[in-house]
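A.B. asks: Next comes the structure file entry.cif, holding mmCIF, C-alpha atoms and all ligand atoms.
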data_protein
#
loop_
_atom_site.group_PDB
_atom_site.id
_atom_site.type_symbol
_atom_site.label_atom_id
_atom_site.label_comp_id
_atom_site.auth_asym_id
_atom_site.auth_seq_id
_atom_site.Cartn_x
_atom_site.Cartn_y
_atom_site.Cartn_z
ATOM 1 C CA MET A 11 80.994 118.228 114.368
ATOM 2 C CA HIS A 12 82.544 115.033 115.657
ATOM 3 C CA VAL A 13 86.157 114.906 116.778
ATOM 4 C CA THR A 14 87.567 111.384 116.991
ATOM 5 C CA LYS A 15 89.103 110.675 120.400
ATOM 6 C CA SER A 16 90.887 107.419 119.557
ATOM 7 C CA LEU A 17 91.924 105.663 116.344
ATOM 8 C CA ILE A 18 90.121 102.588 117.665
ATOM 9 C CA GLU A 19 86.841 104.344 116.779
ATOM 10 C CA LEU A 20 87.973 104.450 113.129
ATOM 11 C CA ILE A 21 88.510 100.698 112.710
ATOM 12 C CA GLY A 22 85.948 99.292 110.292
ATOM 13 C CA LYS A 23 83.041 101.141 108.607
ATOM 14 C CA THR A 24 85.187 101.304 105.458
ATOM 15 C CA PRO A 25 83.765 102.609 102.155
ATOM 16 C CA LEU A 26 82.277 100.214 99.583
ATOM 17 C CA LEU A 27 83.608 101.077 96.123
ATOM 18 C CA ASP A 28 81.960 100.138 92.807
ATOM 19 C CA CYS A 29 84.721 98.429 90.803
ATOM 20 C CA THR A 30 82.497 97.281 87.912
ATOM 21 C CA PRO A 31 84.547 99.244 85.314
ATOM 22 C CA LEU A 32 87.331 96.664 85.827
ATOM 23 C CA THR A 33 85.150 93.742 84.730
ATOM 24 C CA GLY A 34 84.420 94.560 81.070
ATOM 25 C CA ARG A 35 81.076 93.861 79.379
ATOM 26 C CA GLY A 36 78.441 91.226 80.140
ATOM 27 C CA SER A 37 79.296 90.918 83.765
ATOM 28 C CA ALA A 38 77.829 91.245 87.250
ATOM 29 C CA ARG A 39 78.346 94.373 89.344
ATOM 30 C CA LEU A 40 81.579 94.294 91.357
ATOM 31 C CA VAL A 41 81.788 96.032 94.744
ATOM 32 C CA ALA A 42 84.821 96.080 97.040
ATOM 33 C CA LYS A 43 85.381 97.064 100.666
ATOM 34 C CA LEU A 44 88.292 99.525 100.839
ATOM 35 C CA GLU A 45 89.987 97.908 103.820
ATOM 36 C CA LEU A 46 93.249 99.763 103.179
ATOM 37 C CA VAL A 47 91.689 102.872 104.751
ATOM 38 C CA ASN A 48 91.614 101.298 108.217
ATOM 39 C CA PRO A 49 93.888 103.255 110.646
ATOM 40 C CA GLY A 50 96.634 100.598 110.543
ATOM 41 C CA GLY A 51 96.345 100.406 106.763
ATOM 42 C CA SER A 52 94.756 96.957 106.458
ATOM 43 C CA ILE A 53 91.779 94.665 106.995
ATOM 44 C CA LYS A 54 93.639 93.055 109.912
ATOM 45 C CA ASP A 55 92.885 95.994 112.234
ATOM 46 C CA ARG A 56 89.438 94.417 112.569
ATOM 47 C CA PRO A 57 90.444 90.985 113.967
ATOM 48 C CA ALA A 58 93.285 92.607 115.959
ATOM 49 C CA LEU A 59 90.761 94.746 117.850
ATOM 50 C CA SER A 60 88.194 91.975 118.262
ATOM 51 C CA MET A 61 90.772 89.413 119.481
ATOM 52 C CA ILE A 62 92.131 91.914 122.042
ATOM 53 C CA GLU A 63 88.651 92.862 123.269
ATOM 54 C CA ALA A 64 87.561 89.204 123.517
ATOM 55 C CA ALA A 65 90.713 88.336 125.501
ATOM 56 C CA GLU A 66 90.202 91.294 127.859
ATOM 57 C CA GLU A 67 86.599 90.283 128.443
ATOM 58 C CA ALA A 68 87.587 86.678 129.148
ATOM 59 C CA GLY A 69 90.317 87.844 131.537
ATOM 60 C CA PHE A 70 93.143 86.297 129.450
ATOM 61 C CA LEU A 71 94.687 89.704 128.692
ATOM 62 C CA ARG A 72 95.372 91.966 131.637
ATOM 63 C CA PRO A 73 97.293 95.249 132.194
ATOM 64 C CA GLY A 74 101.069 94.799 132.086
ATOM 65 C CA MET A 75 100.959 91.778 129.748
ATOM 66 C CA THR A 76 102.748 91.424 126.405
ATOM 67 C CA ILE A 77 100.824 90.409 123.261
ATOM 68 C CA VAL A 78 102.855 87.823 121.282
ATOM 69 C CA GLU A 79 101.805 86.668 117.792
ATOM 70 C CA PRO A 80 103.071 85.073 114.565
ATOM 71 C CA THR A 81 102.115 87.388 111.686
ATOM 72 C CA ALA A 82 102.738 88.208 108.013
ATOM 73 C CA GLY A 83 102.795 91.808 109.258
ATOM 74 C CA ASN A 84 99.340 93.336 108.976
ATOM 75 C CA THR A 85 97.926 91.601 112.062
ATOM 76 C CA GLY A 86 101.058 92.737 113.893
ATOM 77 C CA ILE A 87 100.476 96.340 112.844
ATOM 78 C CA GLY A 88 96.834 96.126 114.005
ATOM 79 C CA LEU A 89 97.771 94.491 117.323
ATOM 80 C CA ALA A 90 100.587 97.000 117.955
ATOM 81 C CA LEU A 91 98.316 99.955 117.145
ATOM 82 C CA VAL A 92 95.473 98.802 119.406
ATOM 83 C CA GLY A 93 97.961 97.454 121.975
ATOM 84 C CA ASN A 94 99.693 100.842 122.182
ATOM 85 C CA LEU A 95 96.436 102.657 122.780
ATOM 86 C CA LYS A 96 95.490 100.185 125.493
ATOM 87 C CA GLY A 97 98.952 100.041 127.115
ATOM 88 C CA TYR A 98 100.154 96.535 126.116
ATOM 89 C CA LYS A 99 103.641 95.673 124.889
ATOM 90 C CA THR A 100 103.860 93.608 121.684
ATOM 91 C CA ALA A 101 106.287 91.052 120.195
ATOM 92 C CA PHE A 102 105.869 89.427 116.778
ATOM 93 C CA PHE A 103 107.379 86.538 114.811
ATOM 94 C CA VAL A 104 107.426 87.432 111.120
ATOM 95 C CA PRO A 105 108.688 85.425 108.110
ATOM 96 C CA ALA A 106 111.724 87.355 106.797
ATOM 97 C CA ARG A 107 110.304 87.447 103.240
ATOM 98 C CA MET A 108 107.593 89.936 104.317
ATOM 99 C CA SER A 109 107.957 93.555 103.239
ATOM 100 C CA GLN A 110 110.352 95.885 105.075
ATOM 101 C CA GLU A 111 107.559 98.494 105.099
ATOM 102 C CA LYS A 112 105.360 96.285 107.317
ATOM 103 C CA ILE A 113 108.293 95.409 109.582
ATOM 104 C CA THR A 114 109.196 99.109 109.962
ATOM 105 C CA CYS A 115 105.576 100.004 110.798
ATOM 106 C CA MET A 116 105.447 97.355 113.549
ATOM 107 C CA GLN A 117 108.756 98.600 114.980
ATOM 108 C CA LEU A 118 107.636 102.230 114.863
ATOM 109 C CA LEU A 119 104.559 101.230 116.841
ATOM 110 C CA GLY A 120 106.940 99.914 119.498
ATOM 111 C CA ALA A 121 106.758 96.185 118.726
ATOM 112 C CA GLU A 122 109.668 93.807 119.198
ATOM 113 C CA VAL A 123 109.944 92.114 115.778
ATOM 114 C CA HIS A 124 111.650 88.718 115.435
ATOM 115 C CA LEU A 125 112.390 87.835 111.809
ATOM 116 C CA VAL A 126 112.102 84.139 111.035
ATOM 117 C CA ASP A 127 114.331 82.522 108.378
ATOM 118 C CA LYS A 128 112.669 82.880 104.972
ATOM 119 C CA ASP A 129 112.884 79.114 104.400
ATOM 120 C CA LEU A 130 110.681 78.469 107.447
ATOM 121 C CA GLY A 131 106.873 78.646 107.243
ATOM 122 C CA MET A 132 104.104 80.187 109.336
ATOM 123 C CA GLN A 133 103.879 77.019 111.459
ATOM 124 C CA ASP A 134 107.502 77.585 112.498
ATOM 125 C CA CYS A 135 106.622 81.197 113.406
ATOM 126 C CA ILE A 136 103.752 79.895 115.566
ATOM 127 C CA LYS A 137 106.076 77.482 117.394
ATOM 128 C CA LEU A 138 108.754 80.163 117.937
ATOM 129 C CA ALA A 139 106.129 82.621 119.240
ATOM 130 C CA GLN A 140 104.783 79.957 121.654
ATOM 131 C CA ASP A 141 108.292 79.191 122.966
ATOM 132 C CA PHE A 142 108.997 82.925 123.405
ATOM 133 C CA ALA A 143 105.696 83.493 125.269
ATOM 134 C CA GLU A 144 106.375 80.553 127.593
ATOM 135 C CA LYS A 145 109.938 81.635 128.316
ATOM 136 C CA THR A 146 109.084 85.329 128.804
ATOM 137 C CA GLY A 147 105.947 84.818 130.918
ATOM 138 C CA ASN A 148 103.048 87.273 131.443
ATOM 139 C CA CYS A 149 102.248 87.019 127.713
ATOM 140 C CA TYR A 150 99.010 86.559 125.784
ATOM 141 C CA MET A 151 98.911 84.975 122.309
ATOM 142 C CA PRO A 152 95.802 85.835 120.267
ATOM 143 C CA GLN A 153 96.550 82.860 117.927
ATOM 144 C CA GLN A 154 94.848 84.358 114.874
ATOM 145 C CA PHE A 155 95.004 80.980 113.085
ATOM 146 C CA GLU A 156 92.651 79.389 115.622
ATOM 147 C CA ASN A 157 90.965 82.261 117.507
ATOM 148 C CA THR A 158 87.182 82.181 116.882
ATOM 149 C CA ALA A 159 87.009 85.983 117.382
ATOM 150 C CA ASN A 160 88.836 86.232 114.024
ATOM 151 C CA PRO A 161 86.103 84.786 111.736
ATOM 152 C CA ASP A 162 83.356 85.981 114.106
ATOM 153 C CA GLN A 163 84.215 89.669 113.568
ATOM 154 C CA ALA A 164 83.850 89.300 109.781
ATOM 155 C CA GLU A 165 80.480 87.583 110.247
ATOM 156 C CA ASP A 166 79.197 90.052 112.848
ATOM 157 C CA PHE A 167 80.578 93.393 111.542
ATOM 158 C CA LEU A 168 82.122 93.273 108.047
ATOM 159 C CA GLY A 169 79.183 91.441 106.440
ATOM 160 C CA PRO A 170 76.440 93.576 108.045
ATOM 161 C CA GLU A 171 78.363 96.753 107.028
ATOM 162 C CA VAL A 172 78.167 95.595 103.396
ATOM 163 C CA HIS A 173 74.411 95.006 103.643
ATOM 164 C CA GLU A 174 73.912 98.441 105.164
ATOM 165 C CA GLN A 175 75.905 100.083 102.341
ATOM 166 C CA LEU A 176 74.556 97.990 99.465
ATOM 167 C CA GLY A 177 70.946 97.638 100.627
ATOM 168 C CA TYR A 178 70.834 93.962 99.597
ATOM 169 C CA TYR A 179 72.935 90.786 99.824
ATOM 170 C CA PRO A 180 75.564 90.096 97.144
ATOM 171 C CA ASP A 181 75.168 86.989 94.948
ATOM 172 C CA GLY A 182 78.778 85.958 95.356
ATOM 173 C CA ILE A 183 82.025 86.643 97.185
ATOM 174 C CA ALA A 184 85.639 86.064 96.154
ATOM 175 C CA ILE A 185 87.879 86.505 99.204
ATOM 176 C CA GLY A 186 91.580 85.806 99.709
ATOM 177 C CA SER A 187 92.545 83.678 102.693
ATOM 178 C CA GLY A 188 95.552 83.717 104.958
ATOM 179 C CA THR A 189 94.063 82.772 108.314
ATOM 180 C CA GLY A 190 90.743 82.453 106.451
ATOM 181 C CA GLY A 191 89.019 84.616 109.052
ATOM 182 C CA THR A 192 87.637 87.058 106.493
ATOM 183 C CA PHE A 193 86.482 84.345 104.065
ATOM 184 C CA THR A 194 84.935 82.105 106.734
ATOM 185 C CA GLY A 195 83.108 84.938 108.503
ATOM 186 C CA LEU A 196 81.783 86.506 105.303
ATOM 187 C CA ALA A 197 80.760 83.124 103.844
ATOM 188 C CA ARG A 198 78.868 82.234 107.034
ATOM 189 C CA TRP A 199 77.133 85.629 106.997
ATOM 190 C CA LEU A 200 76.196 85.352 103.331
ATOM 191 C CA ARG A 201 75.018 81.703 103.472
ATOM 192 C CA LYS A 202 72.708 82.582 106.375
ATOM 193 C CA ASN A 203 71.120 85.445 104.451
ATOM 194 C CA HIS A 204 71.314 84.360 100.799
ATOM 195 C CA ALA A 205 71.689 80.587 100.715
ATOM 196 C CA SER A 206 72.351 80.237 96.957
ATOM 197 C CA ALA A 207 75.186 82.806 96.896
ATOM 198 C CA LYS A 208 78.529 81.574 95.534
ATOM 199 C CA CYS A 209 81.484 81.655 97.942
ATOM 200 C CA TRP A 210 84.941 81.513 96.344
ATOM 201 C CA CYS A 211 88.048 81.238 98.506
ATOM 202 C CA VAL A 212 91.122 82.813 96.876
ATOM 203 C CA GLN A 213 94.755 81.745 97.359
ATOM 204 C CA PRO A 214 98.012 82.310 95.455
ATOM 205 C CA VAL A 215 99.389 79.502 93.269
ATOM 206 C CA GLY A 216 101.822 77.722 95.648
ATOM 207 C CA SER A 217 99.422 77.678 98.636
ATOM 208 C CA VAL A 218 98.048 74.313 99.828
ATOM 209 C CA PHE A 219 94.327 74.988 100.426
ATOM 210 C CA ASP A 220 93.225 72.825 97.489
ATOM 211 C CA GLY A 221 95.665 70.003 98.234
ATOM 212 C CA ASP A 222 98.491 71.177 95.972
ATOM 213 C CA LYS A 223 102.086 70.891 97.142
ATOM 214 C CA LYS A 224 103.530 74.007 98.756
ATOM 215 C CA GLY A 225 105.385 76.309 96.384
ATOM 216 C CA SER A 226 106.667 79.849 96.640
ATOM 217 C CA TYR A 227 104.765 83.043 95.840
ATOM 218 C CA GLN A 228 105.355 86.766 96.218
ATOM 219 C CA VAL A 229 101.859 87.957 97.171
ATOM 220 C CA GLU A 230 101.758 88.567 100.939
ATOM 221 C CA GLY A 231 98.980 87.877 103.449
ATOM 222 C CA ILE A 232 97.129 85.127 101.579
ATOM 223 C CA GLY A 233 97.907 81.447 101.135
ATOM 224 C CA ASN A 234 99.585 79.148 103.610
ATOM 225 C CA SER A 235 101.542 75.940 104.083
ATOM 226 C CA PHE A 236 98.678 74.412 106.148
ATOM 227 C CA VAL A 237 94.904 74.782 106.446
ATOM 228 C CA PRO A 238 94.316 76.783 109.645
ATOM 229 C CA PRO A 239 91.348 75.984 111.917
ATOM 230 C CA THR A 240 89.983 79.504 111.186
ATOM 231 C CA LEU A 241 89.521 78.599 107.501
ATOM 232 C CA ASP A 242 86.320 76.596 106.927
ATOM 233 C CA LEU A 243 86.776 75.243 103.408
ATOM 234 C CA SER A 244 83.425 73.413 103.582
ATOM 235 C CA LEU A 245 81.909 76.867 102.898
ATOM 236 C CA ALA A 246 83.863 77.255 99.639
ATOM 237 C CA ASP A 247 82.123 76.486 96.341
ATOM 238 C CA ARG A 248 85.520 76.823 94.744
ATOM 239 C CA ILE A 249 89.126 77.436 95.746
ATOM 240 C CA VAL A 250 90.634 79.765 93.147
ATOM 241 C CA SER A 251 94.420 79.830 92.765
ATOM 242 C CA VAL A 252 95.761 83.060 91.256
ATOM 243 C CA ALA A 253 99.304 83.318 89.858
ATOM 244 C CA ASP A 254 101.448 86.231 91.094
ATOM 245 C CA THR A 255 101.712 87.663 87.546
ATOM 246 C CA GLN A 256 97.912 87.796 87.270
ATOM 247 C CA SER A 257 97.525 89.427 90.728
ATOM 248 C CA PHE A 258 100.115 92.078 89.852
ATOM 249 C CA LYS A 259 98.438 92.716 86.465
ATOM 250 C CA ARG A 260 95.213 93.526 88.356
ATOM 251 C CA VAL A 261 97.140 95.843 90.727
ATOM 252 C CA LYS A 262 98.319 97.784 87.680
ATOM 253 C CA GLN A 263 94.835 97.807 86.103
ATOM 254 C CA ALA A 264 93.241 99.105 89.336
ATOM 255 C CA ALA A 265 95.818 101.914 89.490
ATOM 256 C CA SER A 266 95.427 102.996 85.891
ATOM 257 C CA GLU A 267 91.638 102.615 85.581
ATOM 258 C CA LEU A 268 90.356 103.449 89.079
ATOM 259 C CA GLY A 269 93.270 105.333 90.673
ATOM 260 C CA LEU A 270 93.472 102.647 93.360
ATOM 261 C CA LEU A 271 96.905 101.855 94.854
ATOM 262 C CA LEU A 272 96.610 98.280 96.079
ATOM 263 C CA GLY A 273 98.724 95.505 97.583
ATOM 264 C CA GLY A 274 99.187 92.145 95.846
ATOM 265 C CA SER A 275 96.418 90.246 97.678
ATOM 266 C CA SER A 276 93.903 92.863 96.457
ATOM 267 C CA GLY A 277 95.036 92.034 92.924
ATOM 268 C CA ALA A 278 94.382 88.320 93.527
ATOM 269 C CA ASN A 279 90.954 89.099 94.991
ATOM 270 C CA LEU A 280 90.047 91.319 92.048
ATOM 271 C CA ASP A 281 91.151 88.693 89.537
ATOM 272 C CA ALA A 282 88.966 85.965 91.072
ATOM 273 C CA ALA A 283 86.072 88.370 91.691
ATOM 274 C CA ILE A 284 86.114 89.478 88.021
ATOM 275 C CA GLU A 285 85.949 85.814 86.942
ATOM 276 C CA LEU A 286 82.967 85.296 89.275
ATOM 277 C CA CYS A 287 81.325 88.455 87.850
ATOM 278 C CA HIS A 288 81.529 86.906 84.365
ATOM 279 C CA GLU A 289 80.190 83.585 85.590
ATOM 280 C CA LEU A 290 77.171 85.168 87.344
ATOM 281 C CA GLY A 291 76.482 87.742 84.605
ATOM 282 C CA PRO A 292 74.450 90.999 84.480
ATOM 283 C CA GLY A 293 71.898 91.673 87.215
ATOM 284 C CA LYS A 294 74.001 89.991 89.927
ATOM 285 C CA THR A 295 76.495 91.484 92.413
ATOM 286 C CA VAL A 296 79.875 90.185 93.569
ATOM 287 C CA LEU A 297 81.672 91.375 96.727
ATOM 288 C CA THR A 298 85.387 91.348 97.403
ATOM 289 C CA VAL A 299 87.737 93.081 99.838
ATOM 290 C CA LEU A 300 90.862 95.146 99.130
ATOM 291 C CA PRO A 301 92.952 94.224 102.208
ATOM 292 C CA ASP A 302 95.835 96.724 101.990
ATOM 293 C CA GLY A 303 97.627 99.314 99.851
ATOM 294 C CA LEU A 304 100.607 99.440 97.488
ATOM 295 C CA GLU A 305 102.711 101.684 99.714
ATOM 296 C CA ARG A 306 103.211 98.707 102.026
ATOM 297 C CA TYR A 307 105.219 96.988 99.230
ATOM 298 C CA LEU A 308 107.127 99.775 97.442
ATOM 299 C CA SER A 309 110.518 98.173 98.163
ATOM 300 C CA LYS A 310 109.484 94.873 96.564
ATOM 301 C CA PRO A 311 110.914 94.037 93.122
ATOM 302 C CA TRP A 312 107.434 93.234 91.723
ATOM 303 C CA VAL A 313 106.334 96.843 92.245
ATOM 304 C CA GLN A 314 109.435 98.215 90.507
ATOM 305 C CA LYS A 315 108.829 95.753 87.647
ATOM 306 C CA LEU A 316 105.216 96.943 87.221
ATOM 307 C CA ILE A 317 106.377 100.508 86.546
ATOM 308 C CA LYS A 318 108.660 99.366 83.720
ATOM 309 C CA GLU A 319 106.161 97.038 82.023
HETATM 310 C C1 LIG B 401 97.396 91.807 102.754
HETATM 311 C C2 LIG B 401 96.489 90.751 103.281
HETATM 312 N N1 LIG B 401 95.530 90.275 102.486
HETATM 313 C C3 LIG B 401 94.712 89.297 102.901
HETATM 314 C C4 LIG B 401 94.819 88.727 104.141
HETATM 315 C C5 LIG B 401 93.949 87.559 104.517
HETATM 316 O O1 LIG B 401 93.064 87.763 105.543
HETATM 317 P P1 LIG B 401 92.620 86.582 106.467
HETATM 318 O O2 LIG B 401 93.685 86.364 107.474
HETATM 319 O O3 LIG B 401 91.334 87.053 107.078
HETATM 320 O O4 LIG B 401 92.420 85.356 105.647
HETATM 321 C C6 LIG B 401 95.804 89.201 104.992
HETATM 322 C C7 LIG B 401 96.005 88.605 106.298
HETATM 323 O O5 LIG B 401 96.988 88.855 107.001
HETATM 324 C C8 LIG B 401 96.663 90.247 104.545
HETATM 325 O O6 LIG B 401 97.650 90.717 105.343
#
Write the structure described by the file as structure tokens, please.
C.D. replies:
Amino acid sequence: MHVTKSLIELIGKTPLLDCTPLTGRGSARLVAKLELVNPGGSIKDRPALSMIEAAEEAGFLRPGMTIVEPTAGNTGIGLALVGNLKGYKTAFFVPARMSQEKITCMQLLGAEVHLVDKDLGMQDCIKLAQDFAEKTGNCYMPQQFENTANPDQAEDFLGPEVHEQLGYYPDGIAIGSGTGGTFTGLARWLRKNHASAKCWCVQPVGSVFDGDKKGSYQVEGIGNSFVPPTLDLSLADRIVSVADTQSFKRVKQAASELGLLLGGSSGANLDAAIELCHELGPGKTVLTVLPDGLERYLSKPWVQKLIKE
């Protein structure tokens, strides 16, 4: 028998689920990491822990300090969860359009949450967080959009976990990008081990990663108004833009066909991954990640609309 002493032990080592039934005939095998089962409910527990540990090791983060970060919410939840267990205070700058569920979770974990006008972008959140940290003093900012520990953890832990579970390297990945940490780390890991594998970077329509003008979108956690240093687009064979309606259609399909309750970015990932499965065909394997769950978005109109459709 093993009794877990701290939730930190439970970050990562998520199950790998066969999602091939979603792809239809004549397609590659589709496997997905169930990142929603991390203790904080999302894939961002992983970089939250690795950024905190790297900062402690480097001496940038010391007892009594406050962790300050701009976040769409999931990184904040991860940082607050790990921060709590390690005794750090937390303060986050969050675009006001993000779900109330994520904001409530951060607050319940003791974080000070500053909502940023919904017309302002993530770059404004970064600036406001920097000003706050300077003014307050004794703060550490992980800076997930430029911290190398963010992509490194996907390369060093997430990728190798997949190989251990699958027994071989996938022939392609389709991975949604916000900071790009997950995509960049997994693409680096895969290129090193299976050079001809296809690496697709996924964003919502309205994000600027392929040079389009910024628009608005409802999916949370992926896409951005700038290309962050943690997103290495030179690793991308293709940047796939998925419309909100298509992402939400995949959320509904995953619920009805696999019993999976997923957030919107998982729907975008599944949509692109299914397209890649068709392109690669039978005998190949495609990997994606399912970053968080539906319960994080229940108050959002798109979820209510899905029930009625
Ligand atoms: C729900 C969700 N999906 C996907 C991502 C994208 O992950 P990354 O920052 O590694 O690109 C995030 C990041 O916050 C997220 O919250």
A.B. asks: I want to know what sits within 12 Å of Leu243 (chain A), based on all atoms listed in the file, with residues of the same chain fewer than 6 positions away left out; could you give that as JSON, numbers by chain?
C.D. replies: {"A": [187, 189, 190, 191, 193, 194, 195, 197, 198, 209, 210, 211, 212, 213, 218, 219, 220, 221, 237, 249, 250]}
A.B. asks: Check which residues satisfy the PyMOL selection byres (((chain A and resi 224) around 9) and not hetatm) in the file shown, then give them as an MDAnalysis selection string.
C.D. replies: chainID A and resid 215:218 221:223 225:226 234:236
A.B. asks: What do you get, as a PyMOL selection string, if you spell out every residue that the PyMOL selection byres (((not hetatm)) within 7 of (chain B and resi 401)) selects here?
C.D. replies: chain A and resi 52+54+82-85+186-193+230-232+273+275-276+301-302
A.B. asks: Take the selection from the previous step and output its residues with C-alpha atoms, as a tab-separated table (two decimals), in the frame of the given file.
C.D. replies:
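What follows is the written file selection-v5.tsv:
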chain	number	residue	atom	x	y	z
A	52	SER	CA	94.76	96.96	106.46
A	54	LYS	CA	93.64	93.06	109.91
A	82	ALA	CA	102.74	88.21	108.01
A	83	GLY	CA	102.80	91.81	109.26
A	84	ASN	CA	99.34	93.34	108.98
A	85	THR	CA	97.93	91.60	112.06
A	186	GLY	CA	91.58	85.81	99.71
A	187	SER	CA	92.54	83.68	102.69
A	188	GLY	CA	95.55	83.72	104.96
A	189	THR	CA	94.06	82.77	108.31
A	190	GLY	CA	90.74	82.45	106.45
A	191	GLY	CA	89.02	84.62	109.05
A	192	THR	CA	87.64	87.06	106.49
A	193	PHE	CA	86.48	84.34	104.06
A	230	GLU	CA	101.76	88.57	100.94
A	231	GLY	CA	98.98	87.88	103.45
A	232	ILE	CA	97.13	85.13	101.58
A	273	GLY	CA	98.72	95.50	97.58
A	275	SER	CA	96.42	90.25	97.68
A	276	SER	CA	93.90	92.86	96.46
A	301	PRO	CA	92.95	94.22	102.21
A	302	ASP	CA	95.84	96.72	101.99
A.B. asks: Select, from A:Glu63, A:Glu319, A:Glu285, A:Glu45, the residue with the minimum atom-to-atom distance to Lys259 (chain A), counting all atoms listed in the file.
C.D. replies: A:Glu319
A.B. asks: Could you expand the PyMOL selection byres (((chain A and resi 137) around 12) and not hetatm) into the explicit residues it covers here, written as a tab-separated table (two decimals) with C-alpha atoms, in the frame of the given file?
C.D. replies:
chain	number	residue	atom	x	y	z
A	78	VAL	CA	102.86	87.82	121.28
A	79	GLU	CA	101.80	86.67	117.79
A	80	PRO	CA	103.07	85.07	114.56
A	102	PHE	CA	105.87	89.43	116.78
A	103	PHE	CA	107.38	86.54	114.81
A	104	VAL	CA	107.43	87.43	111.12
A	126	VAL	CA	112.10	84.14	111.04
A	130	LEU	CA	110.68	78.47	107.45
A	131	GLY	CA	106.87	78.65	107.24
A	132	MET	CA	104.10	80.19	109.34
A	133	GLN	CA	103.88	77.02	111.46
A	134	ASP	CA	107.50	77.58	112.50
A	135	CYS	CA	106.62	81.20	113.41
A	136	ILE	CA	103.75	79.90	115.57
A	138	LEU	CA	108.75	80.16	117.94
A	139	ALA	CA	106.13	82.62	119.24
A	140	GLN	CA	104.78	79.96	121.65
A	141	ASP	CA	108.29	79.19	122.97
A	142	PHE	CA	109.00	82.92	123.40
A	143	ALA	CA	105.70	83.49	125.27
A	144	GLU	CA	106.38	80.55	127.59
A	151	MET	CA	98.91	84.98	122.31
A	153	GLN	CA	96.55	82.86	117.93
A.B. asks: For a test of reading the model, state the distance in Å between CA of Gly120 (chain A) and CA of Arg107 (chain A), rounded to one decimal.
C.D. replies: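 About the pair CA of Gly120 (chain A) and CA of Arg107 (chain A): they are 20.8 Å apart.
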A.B. asks: Find the residues near region 21-35 of chain A: any atom within 6 Å, counting all atoms listed in the file, skip ones fewer than 6 places away on the same chain, and give them as a PyMOL selection string.
C.D. replies: chain A and resi 41-44+48+284
A.B. asks: Residues as selected, C-alpha atoms, written as a compact mmCIF listing (two decimals), in the frame of the given file, can you do that?
C.D. replies:
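Now in selection35.txt:
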# COMPACT_ATOMS: atom_id res chain seq x y z
CA VAL A 41 81.79 96.03 94.74
CA ALA A 42 84.82 96.08 97.04
CA LYS A 43 85.38 97.06 100.67
CA LEU A 44 88.29 99.52 100.84
CA ASN A 48 91.61 101.30 108.22
CA ILE A 284 86.11 89.48 88.02
A.B. asks: Enclose all atoms of region 61-66 of chain A listed in the file in an axis-aligned box, grow every side by 5 Å, and hand back centre and edge lengths in Å to one decimal, as JSON.
C.D. replies:
{"center_x": 89.8, "center_y": 90.6, "center_z": 123.7, "size_x": 14.6, "size_y": 14.5, "size_z": 18.4}
A.B. asks: Considering only C-alpha atoms, return as number ranges by chain whatever protein or nucleic-acid residues lie within 9 Å of Leu290 (chain A), sequence-local ones (same chain, fewer than 3 positions apart) excluded.
C.D. replies: A: 37-38, 181-182, 285-287, 293-296
A.B. asks: Quick one: write out the picked residues with C-alpha atoms as a CSV table (one decimal), in the frame of the given file?
C.D. replies:
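This is the output file result_25.csv:
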chain,number,residue,atom,x,y,z
A,37,SER,CA,79.3,90.9,83.8
A,38,ALA,CA,77.8,91.2,87.2
A,181,ASP,CA,75.2,87.0,94.9
A,182,GLY,CA,78.8,86.0,95.4
A,285,GLU,CA,85.9,85.8,86.9
A,286,LEU,CA,83.0,85.3,89.3
A,287,CYS,CA,81.3,88.5,87.8
A,293,GLY,CA,71.9,91.7,87.2
A,294,LYS,CA,74.0,90.0,89.9
A,295,THR,CA,76.5,91.5,92.4
A,296,VAL,CA,79.9,90.2,93.6
A.B. asks: Would you work out the distance separating CA of Leu119 (chain A) from CA of Gly277 (chain A), expressed in Å to one decimal?
C.D. replies: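 CA of Gly277 (chain A) lies at a distance of 27.3 Å from CA of Leu119 (chain A).
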A.B. asks: Go through A:Ser251, A:Ile77, A:Met108, A:Lys202 and flag the residue nearest Pro170 (chain A), using all atoms listed in the file for the distances.
C.D. replies: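 Nearest candidate to Pro170 (chain A) out of A:Ser251, A:Ile77, A:Met108, A:Lys202: A:Lys202.
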